[in-house]
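Data block for query-v5.cif (mmCIF, C-alpha atoms):
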data_structure
#
loop_
_atom_site.label_atom_id
_atom_site.label_comp_id
_atom_site.auth_asym_id
_atom_site.auth_seq_id
_atom_site.Cartn_x
_atom_site.Cartn_y
_atom_site.Cartn_z
CA MET K 1 70.78 112.12 120.16
CA SER K 2 69.26 115.03 118.25
CA GLU K 3 68.52 114.95 114.53
CA THR K 4 71.01 117.80 114.03
CA THR K 5 73.78 115.75 115.66
CA THR K 6 72.98 112.71 113.50
CA VAL K 7 73.09 114.76 110.31
CA ALA K 8 76.42 116.30 111.35
CA GLN K 9 77.88 112.86 112.03
CA GLU K 10 76.79 111.59 108.62
CA SER K 11 78.34 114.66 107.01
CA ASP K 12 81.62 114.00 108.85
CA LYS K 13 81.63 110.41 107.55
CA GLU K 14 81.18 111.57 103.97
CA LYS K 15 83.92 114.19 104.32
CA PHE K 16 86.30 111.62 105.80
CA LEU K 17 85.60 109.08 103.04
CA SER K 18 85.93 111.74 100.36
CA LEU K 19 89.34 112.82 101.67
CA LEU K 20 90.43 109.18 102.01
CA ALA K 21 89.42 108.49 98.40
CA GLN K 22 91.41 111.47 97.16
CA THR K 23 94.41 110.28 99.14
CA LEU K 24 94.17 106.70 97.91
CA ASN K 25 93.90 107.64 94.24
CA ALA K 26 96.49 110.43 94.67
CA SER K 27 94.22 113.07 93.15
CA LEU K 28 95.46 115.48 95.83
CA TYR K 29 98.87 115.52 94.15
CA ASP K 30 99.43 116.86 90.64
CA GLU K 31 102.80 115.08 90.61
CA SER K 32 101.02 111.72 90.59
CA ALA K 33 100.31 112.29 86.90
CA TRP K 34 104.02 112.24 86.05
CA ARG K 35 105.47 109.13 84.43
CA VAL K 36 108.58 107.14 85.25
CA ILE K 37 110.59 107.01 82.04
CA THR K 38 111.26 103.54 80.67
CA PRO K 39 114.71 103.56 79.07
CA ASN K 40 114.64 102.72 75.36
CA THR K 41 118.18 103.82 74.48
CA PHE K 42 121.62 103.03 75.88
CA ILE K 43 122.02 106.58 77.24
CA LYS K 44 118.65 106.54 78.99
CA ALA K 45 119.38 103.12 80.46
CA LEU K 46 122.75 104.35 81.74
CA VAL K 47 121.23 107.48 83.28
CA THR K 48 118.43 105.40 84.82
CA ARG K 49 120.93 103.03 86.46
CA ILE K 50 123.00 105.91 87.82
CA LEU K 51 119.91 107.59 89.28
CA ALA K 52 118.60 104.31 90.72
CA ALA K 53 121.89 103.79 92.53
CA ARG K 54 121.23 107.10 94.27
CA SER K 55 117.55 106.33 94.96
CA PHE K 56 116.29 108.60 92.16
CA LYS K 57 114.09 107.91 89.17
CA LEU K 58 113.93 109.60 85.80
CA VAL K 59 110.42 110.99 85.33
CA LYS K 60 108.53 112.84 82.62
CA TYR K 61 106.23 115.74 83.43
CA ARG K 62 102.58 115.31 82.51
CA PRO K 63 99.79 117.71 83.47
CA PHE K 64 97.26 116.35 85.93
CA ASP K 65 94.07 115.32 84.13
CA VAL K 66 91.12 115.67 86.50
CA ALA K 67 88.70 113.83 84.20
CA ALA K 68 91.08 110.91 83.72
CA ARG K 69 91.63 110.48 87.45
CA GLU K 70 87.89 110.77 88.03
CA THR K 71 87.20 107.79 85.78
CA GLY K 72 90.36 105.82 86.45
CA ALA K 73 91.63 106.35 82.92
CA ASP K 74 95.22 107.02 83.99
CA TRP K 75 97.70 105.10 86.10
CA PRO K 76 99.03 107.26 88.95
CA MET K 77 102.80 107.28 89.44
CA PHE K 78 102.12 106.96 93.16
CA GLY K 79 99.01 106.33 95.21
CA TYR K 80 97.23 103.20 96.35
CA THR K 81 94.60 102.60 93.67
CA MET K 82 94.15 103.33 89.98
CA VAL K 83 90.37 102.83 89.84
CA GLY K 84 89.48 106.54 89.98
CA ALA K 85 87.03 108.55 92.05
CA LYS K 86 83.80 107.27 90.52
CA ARG K 87 84.58 103.63 91.19
CA LEU K 88 85.61 104.41 94.75
CA SER K 89 82.28 106.19 95.16
CA ASN K 90 80.61 103.02 93.91
CA ILE K 91 82.36 101.00 96.63
CA ARG K 92 81.26 103.54 99.25
CA ASP K 93 77.62 103.46 98.09
CA LEU K 94 77.46 99.66 98.02
CA ALA K 95 79.11 99.35 101.43
CA LYS K 96 76.51 101.72 102.83
CA SER K 97 73.74 99.79 101.10
CA VAL K 98 74.66 96.29 102.30
CA VAL K 99 75.03 97.49 105.89
CA ALA K 100 71.77 99.45 105.85
CA ASP K 101 69.84 96.59 104.22
CA GLY K 102 71.41 93.87 106.33
CA ILE K 103 72.83 91.95 103.37
CA PRO K 104 75.12 89.37 104.99
CA GLY K 105 78.67 88.72 103.88
CA ASP K 106 82.13 90.14 103.45
CA PHE K 107 83.83 92.39 100.91
CA VAL K 108 86.01 90.41 98.49
CA GLU K 109 88.33 91.94 95.90
CA CYS K 110 89.96 89.77 93.23
CA GLY K 111 92.86 91.77 91.88
CA ALA K 112 94.10 94.13 94.58
CA TRP K 113 97.23 95.87 93.21
CA ARG K 114 98.41 98.18 96.05
CA GLY K 115 95.29 97.50 98.10
CA GLY K 116 93.68 100.93 97.80
CA SER K 117 90.17 99.83 96.86
CA SER K 118 90.07 97.33 99.71
CA ILE K 119 91.48 99.88 102.14
CA PHE K 120 88.64 102.18 101.11
CA ALA K 121 86.07 99.38 101.44
CA ARG K 122 87.29 98.58 104.94
CA ALA K 123 87.02 102.24 105.96
CA ALA K 124 83.56 102.58 104.39
CA LEU K 125 82.24 99.46 106.13
CA ASP K 126 83.54 100.79 109.45
CA ALA K 127 81.98 104.21 108.83
CA TYR K 128 78.53 102.75 108.13
CA GLY K 129 78.46 100.20 110.95
CA GLY K 130 79.73 97.06 109.22
CA ARG K 131 82.57 96.45 111.66
CA GLU K 132 81.90 92.70 111.87
CA ARG K 133 82.52 92.16 108.15
CA LEU K 134 85.80 90.90 106.77
CA VAL K 135 87.73 92.34 103.84
CA TRP K 136 89.42 89.77 101.59
CA LEU K 137 92.15 90.55 99.05
CA ALA K 138 92.81 87.83 96.47
CA ASP K 139 95.82 88.42 94.26
CA SER K 140 98.97 86.74 93.04
CA PHE K 141 100.87 89.63 94.67
CA GLU K 142 103.38 88.97 91.91
CA GLY K 143 101.74 90.85 89.04
CA MET K 144 99.59 89.63 86.19
CA PRO K 145 99.68 86.04 84.90
CA LYS K 146 100.69 85.14 81.39
CA ARG K 147 97.77 85.23 79.00
CA LYS K 148 95.86 82.06 78.24
CA SER K 149 94.27 81.22 74.90
CA THR K 150 91.04 82.94 76.01
CA ASP K 151 92.96 86.14 76.84
CA MET K 152 94.73 86.73 73.54
CA ALA K 153 92.74 89.88 72.78
CA ASP K 154 93.95 91.41 76.05
CA PRO K 155 97.13 93.44 76.55
CA GLU K 156 100.16 91.53 77.82
CA PHE K 157 100.48 92.81 81.35
CA ASP K 158 102.63 90.07 82.88
CA SER K 159 105.88 91.97 82.24
CA TYR K 160 104.71 95.24 83.85
CA ASP K 161 106.74 95.80 87.03
CA TYR K 162 104.29 98.58 87.88
CA LEU K 163 101.62 95.93 88.53
CA LYS K 164 103.81 93.75 90.76
CA VAL K 165 103.11 94.55 94.42
CA SER K 166 104.02 92.10 97.16
CA VAL K 167 101.62 91.03 99.89
CA ASP K 168 103.99 92.54 102.47
CA GLN K 169 103.79 95.92 100.73
CA VAL K 170 99.98 95.78 100.62
CA LYS K 171 99.93 94.98 104.34
CA LYS K 172 102.18 97.98 104.97
CA ASN K 173 99.74 100.12 102.96
CA PHE K 174 96.89 99.02 105.23
CA GLN K 175 99.05 99.79 108.26
CA ARG K 176 99.62 103.34 107.03
CA PHE K 177 95.88 103.95 107.45
CA ASP K 178 95.71 102.00 110.73
CA LEU K 179 93.40 99.45 109.10
CA LEU K 180 95.41 96.24 109.23
CA ASP K 181 93.98 93.77 111.74
CA GLU K 182 92.36 90.32 111.92
CA ARG K 183 89.45 91.50 109.76
CA VAL K 184 91.71 91.89 106.70
CA LYS K 185 92.49 88.59 104.98
CA PHE K 186 94.90 87.84 102.14
CA ILE K 187 94.57 85.04 99.59
CA LYS K 188 97.81 84.71 97.66
CA GLY K 189 98.09 82.90 94.35
CA TRP K 190 96.63 82.67 90.88
CA PHE K 191 92.83 82.63 91.09
CA SER K 192 92.56 79.19 89.51
CA ASP K 193 94.67 77.77 92.34
CA SER K 194 93.75 79.88 95.35
CA LEU K 195 90.04 80.64 95.10
CA PRO K 196 88.48 77.14 94.93
CA SER K 197 89.67 76.42 98.49
CA ALA K 198 89.45 79.97 99.86
CA PRO K 199 87.75 79.96 103.31
CA ILE K 200 85.24 82.65 102.34
CA GLU K 201 81.73 81.83 103.54
CA ARG K 202 79.41 84.60 102.34
CA ILE K 203 79.95 87.69 100.23
CA SER K 204 77.95 90.91 100.17
CA ILE K 205 80.22 92.71 97.68
CA LEU K 206 82.41 90.89 95.17
CA ARG K 207 84.76 93.13 93.21
CA LEU K 208 86.42 91.57 90.15
CA ASP K 209 89.51 93.35 88.83
CA GLY K 210 91.45 90.59 87.12
CA ASP K 211 91.34 92.18 83.64
CA TYR K 212 91.53 88.90 81.69
CA TYR K 213 88.81 86.50 80.55
CA SER K 214 90.44 83.64 82.44
CA SER K 215 90.88 85.60 85.68
CA THR K 216 87.30 86.84 85.58
CA MET K 217 85.92 83.37 84.87
CA ASP K 218 88.06 81.76 87.58
CA ALA K 219 86.80 84.21 90.19
CA LEU K 220 83.15 83.86 89.19
CA THR K 221 83.34 80.07 89.10
CA SER K 222 84.70 79.89 92.64
CA LEU K 223 82.90 82.77 94.33
CA TYR K 224 79.63 83.71 92.64
CA ASP K 225 77.55 81.13 94.52
CA LYS K 226 78.77 82.66 97.78
CA VAL K 227 77.28 86.08 96.98
CA SER K 228 74.27 86.70 99.23
CA LEU K 229 70.83 87.39 97.82
CA GLY K 230 70.74 91.17 97.41
CA GLY K 231 74.53 91.39 97.26
CA PHE K 232 76.59 93.00 94.52
CA VAL K 233 79.16 91.96 91.93
CA ILE K 234 81.38 94.74 90.55
CA VAL K 235 83.21 93.99 87.30
CA ASP K 236 85.93 96.62 87.05
CA ASP K 237 87.03 95.80 83.50
CA TYR K 238 83.64 95.09 81.90
CA ASN K 239 83.87 98.11 79.60
CA SER K 240 87.66 98.09 79.34
CA PHE K 241 88.42 94.68 77.86
CA ALA K 242 86.15 92.82 75.45
CA SER K 243 87.29 89.46 76.76
CA CYS K 244 86.32 90.41 80.33
CA LYS K 245 82.83 91.27 79.07
CA ALA K 246 82.80 87.97 77.17
CA ALA K 247 83.62 86.09 80.39
CA ILE K 248 80.64 87.67 82.13
CA THR K 249 78.36 86.79 79.21
CA ASP K 250 79.64 83.22 79.00
CA PHE K 251 79.40 82.64 82.73
CA PHE K 252 75.79 83.75 83.05
CA ASN K 253 74.74 81.99 79.84
CA SER K 254 76.03 78.79 81.39
CA GLN K 255 73.96 79.15 84.57
#

Please express the file's structure as structure tokens.
Amino acid sequence: MSETTTVAQESDKEKFLSLLAQTLNASLYDESAWRVITPNTFIKALVTRILAARSFKLVKYRPFDVAARETGADWPMFGYTMVGAKRLSNIRDLAKSVVADGIPGDFVECGAWRGGSSIFARAALDAYGGRERLVWLADSFEGMPKRKSTDMADPEFDSYDYLKVSVDQVKKNFQRFDLLDERVKFIKGWFSDSLPSAPIERISILRLDGDYYSSTMDALTSLYDKVSLGGFVIVDDYNSFASCKAAITDFFNSQ
């Protein structure tokens, strides 16, 4: 195989992953910046119910903000991930790195939402030659838990229907990209219950996206010792929520 052919193949991989990332975070569609209106008056609630009965939703126009979608600072009305382009690029780079350097272990995401980040990780591992690695999605698949005493500085997300995505829906999302097979594993339940007995052996990339102090600490307590030497831990909410950062600090101070 000539050097020119190899370079062209690598370029095709990057183009494919770039287009997949834009599809998963819905940055190809300006309409993804619109917002579903939450009724706060009797009239709005009535109109919302009438529209819902006809499979419509009441939405509010918002201009697409390229910078916000780049950094994951907005929540797309539709799409498969809210993490933004830069964090997807981070997943791509780390997937490439662990395969190239032979770091053993699987990709594990704690807090999967619609599955987009894990879909992207699966595609990136395949593109770079990591086809033997598993992709694990740990989530309640029922939304966020109620806050614990350690989480009181965090927003109350447990009532957000937007964050409630069933495991069946996430599986369907994988199927849409032809990436659902025996290499994709689902761990359903609150992290404190599901992760201590999770049958994960070794991890090359651990992605924490549980938002709360308690969720972050539960995931680290159960999984950190399974991260291979030279592997990576991504903390999605480290700079978003002070209590998540505190969990990281407390965990490593206790080691």

### Query
For Asp101 of chain K, which residue out of K:Thr249, K:Thr38, K:Ser204, K:Ser117 is the nearest one, using only C-alpha atoms?
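Ranked by minimum distance to Asp101 of chain K, first place goes to K:Ser204.
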
### Task
Using the chain letters and numbers from the file, give me the residues hit by the PyMOL selection byres ((chain K and resi 185-189) around 10), as a VMD selection string.
chain K and resid 108 to 110 112 134 to 142 166 to 167 170 to 171 180 to 184 190 to 195 197 to 200

### Task
Determine the residue membership of the PyMOL selection byres ((chain K and resi 29-36) around 7) for the file above and supply it as a PyMOL selection string.
chain K and resi 26-28+37-38+57-64+76-78

Taking all atoms of segment 180-189 of chain K that appear in the file, build a box with edges along x, y and z, extend it by 6 Å on every side, and state its centre and edge lengths in Å to one decimal, as AutoDock Vina command-line options.
--center_x 93.8 --center_y 89.6 --center_z 103.1 --size_x 20.6 --size_y 25.3 --size_z 29.6

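Among the candidate residues K:Gly143, K:Gly72, K:Pro39, K:Gly102, the one lying nearest to Ser228 of chain K is K:Gly102, with distances computed using only C-alpha atoms.
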
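The interatomic distance for the pair atom CA of Ala121 of chain K and atom CA of Arg92 of chain K works out to 6.7 Å.
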
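Minimum atom-to-atom distance to Val233 of chain K, evaluated using all atoms listed in the file, belongs to K:Phe107 out of K:Trp113, K:Arg147, K:Phe107, K:Gly210.
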
Nearby residues, (99.2, 92.5, 86.8) file frame, 7 Å, only C-alpha atoms, as a short mmCIF file (atom, residue, chain, number, x, y, z; two decimals) with C-alpha atoms, keeping the file's coordinate frame:
data_model
loop_
_atom_site.label_atom_id
_atom_site.label_comp_id
_atom_site.auth_asym_id
_atom_site.auth_seq_id
_atom_site.Cartn_x
_atom_site.Cartn_y
_atom_site.Cartn_z
CA GLY K 143 101.74 90.85 89.04
CA MET K 144 99.59 89.63 86.19
CA PRO K 145 99.68 86.04 84.90
CA PHE K 157 100.48 92.81 81.35
CA ASP K 158 102.63 90.07 82.88
CA TYR K 160 104.71 95.24 83.85
CA LEU K 163 101.62 95.93 88.53
CA LYS K 164 103.81 93.75 90.76
#

#### Entry: Using only C-alpha atoms: which of K:Glu10, K:Glu70, K:Asp168, K:Asp154 has the shortest distance to Lys96 of chain K
K:Glu10

Could you spell out the hits of the PyMOL selection byres ((chain K and resi 17) around 12) on the shown file, as a compact mmCIF listing (two decimals) with C-alpha atoms, keeping the file's coordinate frame?
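What follows is the written file result_32.txt:
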# COMPACT_ATOMS: atom_id res chain seq x y z
CA GLU K 10 76.79 111.59 108.62
CA SER K 11 78.34 114.66 107.01
CA ASP K 12 81.62 114.00 108.85
CA LYS K 13 81.63 110.41 107.55
CA GLU K 14 81.18 111.57 103.97
CA LYS K 15 83.92 114.19 104.32
CA PHE K 16 86.30 111.62 105.80
CA SER K 18 85.93 111.74 100.36
CA LEU K 19 89.34 112.82 101.67
CA LEU K 20 90.43 109.18 102.01
CA ALA K 21 89.42 108.49 98.40
CA GLN K 22 91.41 111.47 97.16
CA THR K 23 94.41 110.28 99.14
CA LEU K 24 94.17 106.70 97.91
CA ALA K 85 87.03 108.55 92.05
CA LEU K 88 85.61 104.41 94.75
CA SER K 89 82.28 106.19 95.16
CA ILE K 91 82.36 101.00 96.63
CA ARG K 92 81.26 103.54 99.25
CA ASP K 93 77.62 103.46 98.09
CA ALA K 95 79.11 99.35 101.43
CA LYS K 96 76.51 101.72 102.83
CA ILE K 119 91.48 99.88 102.14
CA PHE K 120 88.64 102.18 101.11
CA ALA K 121 86.07 99.38 101.44
CA ARG K 122 87.29 98.58 104.94
CA ALA K 123 87.02 102.24 105.96
CA ALA K 124 83.56 102.58 104.39
CA LEU K 125 82.24 99.46 106.13
CA ASP K 126 83.54 100.79 109.45
CA ALA K 127 81.98 104.21 108.83
CA TYR K 128 78.53 102.75 108.13

### Query
How many Å lie between atom CA of Ala153 of chain K and atom CA of Gly79 of chain K, rounded to one decimal?
28.5 Å

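Note that atom CA of Asp151 of chain K and atom CA of Phe241 of chain K are 9.7 Å apart.
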